[in-house]
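Engineer: Below is the structure I would like to discuss, written out as structure tokens.
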2 protein chains.
Amino acid sequence: MPLRNTLTASLALGLALTTSARADEGMWMPTQLPALAKPLREAGFKGDPKDLADVTRAPLSAVVKVGGGTGSFVSNDGLLLTNHHVAMGVIQYNSSPEHNFIDDGFIAAGRADERAANPDFRVLVTVGFDKVTDEVLKDARGKQGRAYYDAVDAASKRIVADCERDGSVRCSVANMYYGSDFYRIRQLELRDVRLVYAPPRAIGNYGDEIDNFMWPRHSGDFTLLRAYVGKDGKPADYSPENVPYHPPAHLQMAKDGPKAGDFAMLAGYPGITYRHRTAAEFDEQVNHVLPDRVSLFDGLIEVIEAAGKTDAQAKTRYASQLQSLKNNRKRAAGELEGLRRSDAVRLRAEDERGMLAATTGEDARDIAALQASLADGAALGERDLILGAFATQTQLMRSALMLERLRLESAKPDAERETGYQQRDQAMIEGVLKQVQRRYDPTVEKALLTSLLTRYQQLPDAQRAPELDAAFGRTPAQLKQALDGLYQRTVLGTEAERLSRFAAARDGKPLADDALIALARQLVPGQLQREDARKTREGEQLRLRPAYMRALVAWREQQGRAVYPDANSTLRISYGRVEPLSPRDAVAFAPVTTVAGIVEKNTGQVPFDAPKPLLEAIAKGDFGNTADPALKTQTVNFLTNLDTTGGNSGSPVLNARGELIGLNFDSNWEAVSASWWYDPRYKRAIHVDMRYLRWLLAKVYPAPALLEEMGVPAGK
Amino acid sequence: MPLRNTLTASLALGLALTTSARADEGMWMPTQLPALAKPLREAGFKGDPKDLADVTRAPLSAVVKVGGGTGSFVSNDGLLLTNHHVAMGVIQYNSSPEHNFIDDGFIAAGRADERAANPDFRVLVTVGFDKVTDEVLKDARGKQGRAYYDAVDAASKRIVADCERDGSVRCSVANMYYGSDFYRIRQLELRDVRLVYAPPRAIGNYGDEIDNFMWPRHSGDFTLLRAYVGKDGKPADYSPENVPYHPPAHLQMAKDGPKAGDFAMLAGYPGITYRHRTAAEFDEQVNHVLPDRVSLFDGLIEVIEAAGKTDAQAKTRYASQLQSLKNNRKRAAGELEGLRRSDAVRLRAEDERGMLAATTGEDARDIAALQASLADGAALGERDLILGAFATQTQLMRSALMLERLRLESAKPDAERETGYQQRDQAMIEGVLKQVQRRYDPTVEKALLTSLLTRYQQLPDAQRAPELDAAFGRTPAQLKQALDGLYQRTVLGTEAERLSRFAAARDGKPLADDALIALARQLVPGQLQREDARKTREGEQLRLRPAYMRALVAWREQQGRAVYPDANSTLRISYGRVEPLSPRDAVAFAPVTTVAGIVEKNTGQVPFDAPKPLLEAIAKGDFGNTADPALKTQTVNFLTNLDTTGGNSGSPVLNARGELIGLNFDSNWEAVSASWWYDPRYKRAIHVDMRYLRWLLAKVYPAPALLEEMGVPAGK
């Protein structure tokens with residue numbers, strides 16, 4: 001495997017060359033850190049980078065996956081720190097009208113009083129991280145397109161099955177550098193997790209949606225949980241007999257807090273980034289994908305808002321969908337705004353031009369082939385966006401498509417069924433079919449489909465699908481007639497009609513006749529065809545992207561820069577510093593906020609309804625040893641330039657000595673586009689200052705035993 | 001007059017003692033400046049303070065009243081600089097659909113192309129400022145209450161009449177230190193004013209309502225006018241024969257611009273402040289007046305918004321009233337928020353306690369009497385607020401009250417009529433009666449009155465008026481019945497019915513019968529009674545406040561501080577420095593903005609639709625000699641801690657050498673409460689940087705002759 005060896009060698013070389021690394025950008029694999037020793041030291045790190053290389057040893061073994069985010073152990077007895085918003089489900093699960101732990105917060109009176117999490121809540125402790133590239137690619141080599149895709153998929157599934165055979169761990173295969181390398185990850189799955197300490201909502205989520213993505217921030221977005229295991233030390237379901245889990249390592253709370261310019265480091269499970277995508281993909285994202293998305297969402301939002309103005313019931317039924325459309329629209333617009341502000345398309349194109357000029361031979365040919373495959377997909381982008389919304393932003397249409405697809409998949413052996421239609425997915429499908437009643441109104445659904453399909457009717461011929469044209473015609477009048485007919489005739493609006501068909505579909509049996517089911521039967525074959533074409537493209541890209549990555553690594557090497565793999569929900573480390581933000585002309589935000597800001601923002605109304613005990617404690621000014629020595633008051637949140645993305649929620653932030661100084665919980669609005677482009681002027685991450693946590697536990701909602709357990713007993 | 005002499009002596013003493021003046025607070029009378037020489041010098045002023053003492057000599061004689069604001073001459077040929085928003089009427093008057101000077105801006109092709117302002121536009125040049133205290137108070141001495149009020153009023157009117165006798169000047173009497181001193185002001189009234197240069201709206205009002213009161217700001221809120229006089233050099237109505245006015249002085253544009261910390265000084269005509277009001281008045285303002293105002297406005301806003309939801313015509317008719325109510329509501333809420341943030345009530349009370357403890361004898365007794373009179377007025381505050389809105393926030397009710405009052409006043413000789421009902425006011429009254437049609441809807445008016453009178457019905461007995469109880473009853477049911485009856489029967493909804501009664505009223509003749517006219521006949525006597533009571537209280541306060549001012553001046557003297565009179569639309573000078581603003585925790589705003597912010601804010605949509613030539617010039621980066629040497633780019637606006645209030649719009653901002661560096665046009669939201677309380681943490685004024693004006697005239701919308709005329713020819 002000479003090519004991959006070259007990649008590995010280049011990476012090492014790139015790292016060695018990094019004399020003045022841009023310390024801010026980078027979600028590094030722990031194994032890369034020893035090679036980053038020099039820039040790490042220059043940035044201020046006081047420890048030994050070698051200690052950070054192994055995810056199964058201290059301190060990284062203290063960092064775990066929690067729910068959709070990250071957490072870290074902070075005591076030898078399994079005490080686990082994560083965000084309030086990451087643990088929200090646990091708090092909610094334990095709340096009742098009598099004991100409203102969301103509003104009032106919760107402090108366990110002792111270990112016996114710790115409350116079991118919802119049964120599906122999981123904490124994953126990584127116990128193995130091994131390269132399996134050869135095994136994954138063995139059968140794929142020499143193949144192309146769909147065959148390449150299927151070979152990688154099959155090998156990955158085999159590796160996971162082998163790994164999970166003895167039932168002790170949960171396994172997965174991670175794809176690094178876009179198909180260049182594959183790693184097998186082994187994780188302990190802790191299933192008995194308990195709620196130990198949660199601040200009131202008005203602290204844990206102070207400012208809510210208004211302050212979301214905003215800096216300056218004043219949120220105590222943290223919660224303490226505890227992991228339990230069976231008496232044999234192995235993961236177990238909840239039982240009162242279980243004992244606290246002794247993690248392989250835990251983090252130590254710092255005694256001091258951060259200040260501007262201080263070194264900072266963060267470990268966590270960032271979800272997905274696109275930093276190493278091609279210049280054409282950047283162009284496509286900025287000039288088509290994001291504007292198309294904004295425009296499509298706008299159309300749907302308009303439909304729902306117009307309906308809500310005259311129909312109170314429709315307003316209620318579509319409130320949650322509207323909220324989600326608005327969030328998605330806001331995110332897409334923010335990403336677009338940020339990428340434009342950073343001039344990312346031009347900069348990425350210039351960068352790639354340099355890279356391509358320096359790339360020759362087989363890699364150059366592979367990159368050309370990759371570009372062609374990406375262009376094929378991009379040419380169908382708007383259609384796929386519309387058809388995606390067609391199948392997800394509707395209720396009856398979605399139900400019909402889902403039922404028909406379930407019927408088809410259920411005819412195969414379970415292992416061969418498409419993800420999402422296997423036996424273990426059936427409960428989820430049933431849930432979707434049941435909730436239709438609370439979220440459906442025929443007039444609104446027709447209006448949503450009219451918005452989507454009008455958009456579809458305006459697509460150029462190359463993006464059209466014959467079965468859709470057949471079903472909905474090519475003019476507004478035909479569309480109206482088709483939709484009116486379908487929704488007048490279908491019986492899927494009745495729950496029993498959906499559920500009886502669900503029973504048939506999951507056994508692979510024919511479905512009782514219905515207008516929308518008949519339509520789905522007409523549409524699903526096209527859907528499968530498009531899916532196959534997509535997988536074929538993805539297979540080609542999986543095969544060809546490693547050439548792009550090799551060229552990029554070689555190019556970065558010339559620039560004296562190392563390359564990290566794009567984020568993929570595996571454990572990564574970022575390092576940088578506590579840093580202010582100047583997002584606009586004449587605006588400068590300090591990197592540390594104080595309790596004064598809580599009082600300033602307090603209106604007494606949700607979401608700025610600071611609890612009385614907090615306001616009183618602030619007024620009293622008794623901050624003890626958690627006060628900042630320079631600011632002479634209690635700090636709340638701080639800002640770093642650490643490289644983060646979704647999934648980093650709950651990531652521990654460490655100082656130069658590896659001690660815990662913060663808890664990551666958000667990033668700033670200007671950084672929404674950082675999933676594609678890291679702009680050092682604007683990319684910041686927002687953290688809870690651990691001194692705020694300590695002060696709350698010491699003086700406001702006291703939990704002295706927990707402070708003791710974390711090694712930071714309350715000061716005077 | 002030993003008491004007033006004491007005041008004058010104390011003022012001088014206070015100034016002499018001012019060794020480390022709080023340079024930021026103070027709207028000083030020019031005559032006070034020589035005594036402020038030391039603090040002025042310490043603040044960085046390089047000129048001779050004596051030169052600033054005489055409003056009729058250079059440089060202050062360059063500063064004039066323009067429309068509702070301030071302006072300054074910037075050439076010997078009468079070129080006059082003021083705000084775009086101050087000159088908006090002039091621009092509007094000269095605009096047409098073919099020549100939209102609002103949107104496109106205007107540059108006169110030469111003097112002959114300068115456009116005459118609307119005929120009622122005036123520029124006032126102060127040519128005399130003389131103390132007339134003795135003359136004003138001569139007859140008032142020994143009197144009390146209403147008699148004191150009437151004596152001061154009569155003396156003032158007499159002085160004005162004498163002064164205006166030869167027709168060459170317009171005169172007024174200004175009350176300084178709340179009745180302690182009176183000054184006769186003589187002003188030339190320039191009536192031929194022409195539009196010379198206006199930037200497009202998207203420069204002159206960039207950001208409009210969204211950016212109003214905001215910092216950082218990016219507005220080119222300036223316009224150049226030119227004053228003309230007859231060939232004899234005297235003020236004249238517009239004529240093509242007129243010649244440019246040669247002002248007694250004009251300001252010189254600075255070559256350099258401001259930077260943080262620089263000395264700055266401003267001259268202008270601030271309207272009204274309440275800084276020296278009593279602690280009880282502060283308490284009343286914060287704990288009653290402003291909350292009552294917010295609550296009353298909220299009630300009216302709710303009524304209009306509710307009506308607008310179901311009735312499109314009502315929505316249109318009440319749009320302007322709604323806008324104005326919302327502005328007033330916002331201002332009141334902002335003032336309340338600011339006074340609370342500054343803890344003004346407590347601080348003023350502490351300050352006054354110290355003052356009262358140091359005050360004895362006749363002054364102490366007068367102050368006690370003043371407090372009693374103020375308390376009498378305050379006890380009726382909510383009623384007066386409601387009845388004020390009753391007569392101003394309605395259309396037919398207001399018309400009826402106005403007609404009946406006009407009838408009563410018109411029976412007296414013109415000179416004895418109440419201000420607002422003299423012959424010269426009749427055109428205005430007719431205008432009000434005519435515009436009813438465009439602003440009236442019976443359902444909405446009844447709802448507004450229901451909101452107001454329901455509030456009235458809940459007042460305690462002490463605030464009630466028998467004629468209102470008689471007219472509207474004391475229960476919601478009686479109120480509804482009364483309003484329904486009145487609005488069903490009245491014919492005042494018809495314009496001809498109003499105008500025929502107007503014709504009768506202005507001749508003092510009886511008015512044709514009508515339900516609302518009959519009601520007005522019933523209500524106006526009570527109104528007159530309340531007016532008399534108010535004037536009696538005001539007379540007492542005019543008599544007694546000087547004692548309070550003497551005590552305050554003596555108290556400030558002990559504190560080493562001088563006292564300026566509260567603002568009263570006379571020429572004042574503030575001095576301070578260019579200063580950043582940190583309005584909230586972790587937020588810091590730089591005091592100078594740059595063109596980068598214009599681009600950042602630009603959305604292409606009103607009000608952030610920066611003109612293409614501006615965007616292109618910014619992109620080109622050709623800033624020549626107007627670029628800031630440190631920032632290396634073009635500046636736009638800057639921020640000082642200068643003491644300003646409404647009326648200071650268009651005030652010139654000068655540097656330490658008295659050169660023009662800026663043009664005042666707004667203040668920040670946090671400073672809305674500064675009319676009562678100057679908080680150095682939050683009080684800022686916002687100015688156009690003269691380098692931005694020079695750059696626009698040099699490179700973007702060129703007017704080289706004007707730059708030449710102002711002595712700053714365009715650089716390379």
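FYI, nothing fancy with the structure tokens labels: chains A, B, ... in order, residues from 1 per chain, ligands from 1 as they appear.
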Taking the backbone alone, and naming residues the way the document does, which bits of region 588-701 of chain B are strand (DSSP E) by DSSP, as an NGL selection string?
Structural biologist: :B and (588-589 or 592-594 or 635-640 or 652-654 or 660-667 or 685-689)
Engineer: If you keep N, CA and C atoms, can you produce a file of those selected residues as a tab-separated table (two decimals), in the first residue's frame?
Structural biologist:
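Wrote selection11.tsv, looks like this:
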```tsv
chain	number	residue	atom	x	y	z
B	588	ALA	N	-17.17	46.17	24.94
B	588	ALA	CA	-16.42	47.42	24.85
B	588	ALA	C	-16.54	47.93	23.43
B	589	PHE	N	-16.99	49.17	23.29
B	589	PHE	CA	-17.10	49.78	21.98
B	589	PHE	C	-15.99	50.80	21.80
B	592	VAL	N	-14.25	55.22	17.76
B	592	VAL	CA	-14.20	55.67	16.36
B	592	VAL	C	-14.60	54.50	15.45
B	593	THR	N	-15.54	54.74	14.53
B	593	THR	CA	-15.91	53.69	13.58
B	593	THR	C	-15.28	53.97	12.21
B	594	THR	N	-15.26	52.92	11.40
B	594	THR	CA	-14.64	53.06	10.08
B	594	THR	C	-15.59	52.57	8.99
B	635	THR	N	-12.36	56.88	8.66
B	635	THR	CA	-13.26	56.85	9.79
B	635	THR	C	-14.63	57.38	9.37
B	636	VAL	N	-15.65	57.13	10.21
B	636	VAL	CA	-17.01	57.57	9.88
B	636	VAL	C	-17.61	58.40	11.02
B	637	ASN	N	-17.78	57.77	12.18
B	637	ASN	CA	-18.38	58.46	13.32
B	637	ASN	C	-17.46	58.35	14.53
B	638	PHE	N	-17.66	59.22	15.50
B	638	PHE	CA	-16.93	59.04	16.75
B	638	PHE	C	-17.80	59.40	17.94
B	639	LEU	N	-17.28	59.02	19.10
B	639	LEU	CA	-18.05	59.04	20.34
B	639	LEU	C	-17.30	59.90	21.34
B	640	THR	N	-18.01	60.80	22.03
B	640	THR	CA	-17.39	61.55	23.12
B	640	THR	C	-18.28	61.43	24.35
B	652	PRO	N	-21.57	71.77	16.39
B	652	PRO	CA	-20.20	71.50	15.97
B	652	PRO	C	-19.39	70.97	17.15
B	653	VAL	N	-18.49	70.02	16.84
B	653	VAL	CA	-17.58	69.47	17.85
B	653	VAL	C	-16.19	69.97	17.49
B	654	LEU	N	-15.52	70.59	18.47
B	654	LEU	CA	-14.24	71.23	18.21
B	654	LEU	C	-13.11	70.50	18.95
B	660	LEU	N	-12.93	72.51	13.85
B	660	LEU	CA	-14.08	71.63	13.69
B	660	LEU	C	-13.64	70.19	13.39
B	661	ILE	N	-13.96	69.25	14.31
B	661	ILE	CA	-13.63	67.84	14.05
B	661	ILE	C	-14.87	66.98	13.89
B	662	GLY	N	-16.02	67.47	14.33
B	662	GLY	CA	-17.19	66.60	14.26
B	662	GLY	C	-18.49	67.36	14.25
B	663	LEU	N	-19.55	66.62	14.00
B	663	LEU	CA	-20.90	67.17	13.94
B	663	LEU	C	-21.78	66.25	14.78
B	664	ASN	N	-22.32	66.78	15.86
B	664	ASN	CA	-23.13	65.95	16.76
B	664	ASN	C	-24.44	65.56	16.09
B	665	PHE	N	-24.85	64.28	16.23
B	665	PHE	CA	-26.16	63.94	15.65
B	665	PHE	C	-27.01	62.98	16.47
B	666	ASP	N	-26.46	62.38	17.51
B	666	ASP	CA	-27.30	61.44	18.28
B	666	ASP	C	-26.60	61.16	19.60
B	667	SER	N	-27.28	60.43	20.47
B	667	SER	CA	-26.60	59.90	21.63
B	667	SER	C	-26.97	58.43	21.74
B	685	ALA	N	-22.05	61.04	23.41
B	685	ALA	CA	-22.68	61.71	22.27
B	685	ALA	C	-22.02	61.18	21.00
B	686	ILE	N	-22.81	61.08	19.93
B	686	ILE	CA	-22.36	60.46	18.68
B	686	ILE	C	-22.21	61.53	17.60
B	687	HIS	N	-21.05	61.54	16.95
B	687	HIS	CA	-20.74	62.60	15.98
B	687	HIS	C	-20.30	62.04	14.63
B	688	VAL	N	-20.58	62.81	13.58
B	688	VAL	CA	-19.99	62.53	12.28
B	688	VAL	C	-18.55	63.04	12.32
B	689	ASP	N	-17.60	62.20	11.95
B	689	ASP	CA	-16.20	62.61	11.85
B	689	ASP	C	-16.08	63.50	10.61
```
Engineer: Within 9 Å of Asp208 (chain B), counting only C-alpha atoms, which residues qualify if same-chain residues fewer than 2 places away don't, as number ranges by chain?
Structural biologist: B: 202, 205-206, 210-212, 219, 606-608
Engineer: Write the residues of the preceding selection, restricted to C-alpha atoms, as a PDB file, in the first residue's frame.
Structural biologist:
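Output saved as selection15.pdb:
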```pdb
ATOM      1  CA  ALA B 202     -28.659  55.831   2.606  1.00  0.00           C
ATOM      2  CA  ASN B 205     -29.601  58.264   7.512  1.00  0.00           C
ATOM      3  CA  TYR B 206     -27.790  54.928   7.140  1.00  0.00           C
ATOM      4  CA  ILE B 210     -32.642  50.331  13.619  1.00  0.00           C
ATOM      5  CA  ASP B 211     -29.412  52.173  14.360  1.00  0.00           C
ATOM      6  CA  ASN B 212     -31.107  55.130  16.047  1.00  0.00           C
ATOM      7  CA  SER B 219     -24.063  57.563   9.422  1.00  0.00           C
ATOM      8  CA  VAL B 606     -33.417  49.939   3.430  1.00  0.00           C
ATOM      9  CA  PRO B 607     -32.119  51.194   5.848  1.00  0.00           C
ATOM     10  CA  PHE B 608     -28.825  49.376   5.243  1.00  0.00           C
TER      11      PHE B 608
END
```
Engineer: For the structure I just gave you, how does DSSP split region 448-654 of chain B - specifically, which residues are helix (DSSP H, G or I)? Reply as a count of residues only.
Structural biologist: 108
Engineer: Mind dumping a table of every chain B residue within 10 Å of chain A, with the nearest atom pair and its distance in Å to one decimal, using only C-alpha atoms, sorted by chain and rising number, as JSON lines?
Structural biologist:
```
{"residue": "B:Trp215", "atom": "CA", "partner": "A:Ala586", "partner_atom": "CA", "distance": 8.7}
{"residue": "B:Pro216", "atom": "CA", "partner": "A:Ala586", "partner_atom": "CA", "distance": 6.2}
{"residue": "B:Arg217", "atom": "CA", "partner": "A:Ala586", "partner_atom": "CA", "distance": 8.9}
{"residue": "B:His218", "atom": "CA", "partner": "A:Asp585", "partner_atom": "CA", "distance": 9.6}
{"residue": "B:Arg341", "atom": "CA", "partner": "A:Glu600", "partner_atom": "CA", "distance": 8.6}
{"residue": "B:Pro580", "atom": "CA", "partner": "A:Ala586", "partner_atom": "CA", "distance": 9.3}
{"residue": "B:Leu581", "atom": "CA", "partner": "A:Val587", "partner_atom": "CA", "distance": 9.9}
{"residue": "B:Ser582", "atom": "CA", "partner": "A:Ala588", "partner_atom": "CA", "distance": 9.5}
{"residue": "B:Pro583", "atom": "CA", "partner": "A:Glu600", "partner_atom": "CA", "distance": 9.9}
{"residue": "B:Arg584", "atom": "CA", "partner": "A:Gly597", "partner_atom": "CA", "distance": 6.7}
{"residue": "B:Asp585", "atom": "CA", "partner": "A:Gly597", "partner_atom": "CA", "distance": 4.9}
{"residue": "B:Ala586", "atom": "CA", "partner": "A:Ala590", "partner_atom": "CA", "distance": 4.7}
{"residue": "B:Val587", "atom": "CA", "partner": "A:Phe589", "partner_atom": "CA", "distance": 4.8}
{"residue": "B:Ala588", "atom": "CA", "partner": "A:Ala588", "partner_atom": "CA", "distance": 5.1}
{"residue": "B:Phe589", "atom": "CA", "partner": "A:Val587", "partner_atom": "CA", "distance": 4.8}
{"residue": "B:Ala590", "atom": "CA", "partner": "A:Ala586", "partner_atom": "CA", "distance": 4.6}
{"residue": "B:Pro591", "atom": "CA", "partner": "A:Ala586", "partner_atom": "CA", "distance": 7.1}
{"residue": "B:Val592", "atom": "CA", "partner": "A:Ala586", "partner_atom": "CA", "distance": 6.7}
{"residue": "B:Thr593", "atom": "CA", "partner": "A:Ala586", "partner_atom": "CA", "distance": 5.5}
{"residue": "B:Thr594", "atom": "CA", "partner": "A:Asp585", "partner_atom": "CA", "distance": 6.7}
{"residue": "B:Val595", "atom": "CA", "partner": "A:Asp585", "partner_atom": "CA", "distance": 8.4}
{"residue": "B:Ala596", "atom": "CA", "partner": "A:Asp585", "partner_atom": "CA", "distance": 6.3}
{"residue": "B:Gly597", "atom": "CA", "partner": "A:Asp585", "partner_atom": "CA", "distance": 4.9}
{"residue": "B:Ile598", "atom": "CA", "partner": "A:Asp585", "partner_atom": "CA", "distance": 8.7}
{"residue": "B:Val599", "atom": "CA", "partner": "A:Asp585", "partner_atom": "CA", "distance": 9.7}
{"residue": "B:Glu600", "atom": "CA", "partner": "A:Arg584", "partner_atom": "CA", "distance": 7.2}
{"residue": "B:Lys601", "atom": "CA", "partner": "A:Arg584", "partner_atom": "CA", "distance": 9.0}
{"residue": "B:Phe638", "atom": "CA", "partner": "A:Ala586", "partner_atom": "CA", "distance": 9.9}
```
Engineer: Looking at B:Gln458, B:Ser410, B:Asn100, B:Thr133, which one is nearest to Asp425 (chain B), with distances taken over only C-alpha atoms?
Structural biologist: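 Answer, going by the shortest atom-to-atom distance: B:Ser410.
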Engineer: Report as a ChimeraX atom specification all protein, DNA and RNA residues lying within 12 Å of Ala465 (chain B), evaluated on only C-alpha atoms, omitting residues in the same chain fewer than 5 positions from it.
Structural biologist: /B:380,383-384,387,456-457,459-460,470-474,522-527,529-530
Engineer: Could those selected residues go to a file with N, CA, C and O atoms, as a short mmCIF file (atom, residue, chain, number, x, y, z; two decimals), in the first residue's frame?
Structural biologist:
```cif
data_model
loop_
_atom_site.label_atom_id
_atom_site.label_comp_id
_atom_site.auth_asym_id
_atom_site.auth_seq_id
_atom_site.Cartn_x
_atom_site.Cartn_y
_atom_site.Cartn_z
N LEU B 380 -51.41 64.95 41.80
CA LEU B 380 -52.39 64.97 40.71
C LEU B 380 -51.79 64.47 39.39
O LEU B 380 -52.41 64.57 38.33
N ARG B 383 -53.63 61.79 37.14
CA ARG B 383 -54.83 62.37 36.52
C ARG B 383 -54.45 63.29 35.36
O ARG B 383 -55.02 63.21 34.27
N ASP B 384 -53.44 64.14 35.58
CA ASP B 384 -53.07 65.09 34.53
C ASP B 384 -52.52 64.35 33.30
O ASP B 384 -52.75 64.76 32.16
N LEU B 387 -55.64 62.94 31.52
CA LEU B 387 -56.43 63.97 30.85
C LEU B 387 -55.66 64.62 29.70
O LEU B 387 -56.26 65.03 28.71
N TYR B 456 -58.91 56.26 34.38
CA TYR B 456 -59.37 57.40 35.18
C TYR B 456 -60.33 56.94 36.27
O TYR B 456 -60.25 57.37 37.41
N GLN B 457 -61.24 56.03 35.90
CA GLN B 457 -62.24 55.59 36.88
C GLN B 457 -61.59 54.91 38.08
O GLN B 457 -62.18 54.81 39.15
N LEU B 459 -58.86 55.94 39.53
CA LEU B 459 -58.10 56.89 40.35
C LEU B 459 -58.79 57.07 41.71
O LEU B 459 -60.00 56.98 41.81
N PRO B 460 -57.98 57.38 42.73
CA PRO B 460 -58.60 57.68 44.04
C PRO B 460 -59.41 58.97 43.96
O PRO B 460 -59.20 59.82 43.09
N ALA B 470 -69.49 63.02 36.05
CA ALA B 470 -70.85 63.26 35.57
C ALA B 470 -70.99 62.81 34.12
O ALA B 470 -71.99 62.22 33.72
N ALA B 471 -69.98 63.08 33.33
CA ALA B 471 -70.07 62.78 31.90
C ALA B 471 -69.92 61.28 31.61
O ALA B 471 -70.59 60.75 30.72
N PHE B 472 -69.04 60.58 32.33
CA PHE B 472 -68.72 59.19 31.97
C PHE B 472 -69.07 58.16 33.04
O PHE B 472 -68.82 56.98 32.86
N GLY B 473 -69.67 58.63 34.16
CA GLY B 473 -70.06 57.69 35.19
C GLY B 473 -68.84 57.14 35.92
O GLY B 473 -67.70 57.56 35.69
N ARG B 474 -69.11 56.17 36.79
CA ARG B 474 -68.01 55.63 37.59
C ARG B 474 -67.87 54.13 37.43
O ARG B 474 -67.13 53.48 38.16
N GLN B 522 -69.22 71.23 28.93
CA GLN B 522 -69.31 70.74 30.29
C GLN B 522 -67.90 70.54 30.89
O GLN B 522 -67.69 70.73 32.09
N LEU B 523 -66.93 70.18 30.02
CA LEU B 523 -65.61 69.81 30.52
C LEU B 523 -64.61 70.96 30.60
O LEU B 523 -63.75 70.98 31.47
N VAL B 524 -64.75 71.93 29.66
CA VAL B 524 -63.70 72.96 29.57
C VAL B 524 -63.55 73.80 30.84
O VAL B 524 -62.42 74.11 31.23
N PRO B 525 -64.67 74.16 31.52
CA PRO B 525 -64.48 74.94 32.76
C PRO B 525 -63.56 74.22 33.76
O PRO B 525 -62.70 74.86 34.38
N GLY B 526 -63.71 72.93 33.91
CA GLY B 526 -62.82 72.16 34.80
C GLY B 526 -61.39 72.24 34.31
O GLY B 526 -60.44 72.36 35.10
N GLN B 527 -61.23 72.16 33.00
CA GLN B 527 -59.90 72.24 32.39
C GLN B 527 -59.25 73.58 32.76
O GLN B 527 -58.08 73.62 33.15
N GLN B 529 -59.95 75.49 35.25
CA GLN B 529 -59.68 75.50 36.68
C GLN B 529 -58.36 74.78 36.98
O GLN B 529 -57.53 75.25 37.74
N ARG B 530 -58.18 73.63 36.36
CA ARG B 530 -56.94 72.87 36.57
C ARG B 530 -55.75 73.65 36.03
O ARG B 530 -54.67 73.63 36.61
#
```
Engineer: As an exercise, work out the distance from CA of Thr316 (chain A) to CA of Glu209 (chain A) in Å and give it to one decimal place.
Structural biologist: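 That distance, rounded to one decimal, is 19.7 Å.
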Engineer: In Å, rounded to a single decimal, give me how far CA of Leu188 (chain A) is from CA of Val160 (chain A).
Structural biologist: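 These two atoms are separated by 13.9 Å.
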Engineer: Between CA of Glu352 (chain B) and CA of Trp555 (chain B), what is the distance in Å, rounded to a tenth?
Structural biologist: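 Computing it gives 9.0 Å between the two atoms.
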Engineer: My list of candidates is B:Arg111, B:His276, B:Lys412, B:Arg438. Which is closest to Gly508 (chain B) when distances are computed with only C-alpha atoms?
Structural biologist: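 Closest residue, counting only C-alpha atoms: B:Lys412.
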Engineer: If we count only C-alpha atoms, what is near Glu540 (chain B) at a cut-off of 6 Å, once residues fewer than 2 positions away on the same chain are taken out, given as a tab-separated table (two decimals) with N, CA, C and O atoms, in the first residue's frame?
Structural biologist:
```tsv
chain	number	residue	atom	x	y	z
B	144	GLN	N	-47.15	86.13	45.11
B	144	GLN	CA	-47.08	84.68	45.27
B	144	GLN	C	-47.91	84.00	44.19
B	144	GLN	O	-48.77	84.63	43.56
B	145	GLY	N	-47.67	82.72	44.01
B	145	GLY	CA	-48.54	81.88	43.19
B	145	GLY	C	-48.82	82.46	41.82
B	145	GLY	O	-47.95	82.93	41.10
B	537	ARG	N	-49.37	76.89	41.01
B	537	ARG	CA	-48.26	76.08	41.52
B	537	ARG	C	-46.96	76.49	40.83
B	537	ARG	O	-45.91	76.63	41.47
B	538	GLU	N	-47.03	76.68	39.51
B	538	GLU	CA	-45.82	77.03	38.77
B	538	GLU	C	-45.28	78.39	39.22
B	538	GLU	O	-44.07	78.60	39.28
B	542	LEU	N	-41.71	79.00	40.71
B	542	LEU	CA	-40.81	79.98	40.09
B	542	LEU	C	-40.26	80.92	41.17
B	542	LEU	O	-39.10	81.33	41.14
B	543	ARG	N	-41.08	81.20	42.15
B	543	ARG	CA	-40.68	82.06	43.25
B	543	ARG	C	-39.73	81.34	44.21
B	543	ARG	O	-38.76	81.92	44.71
```
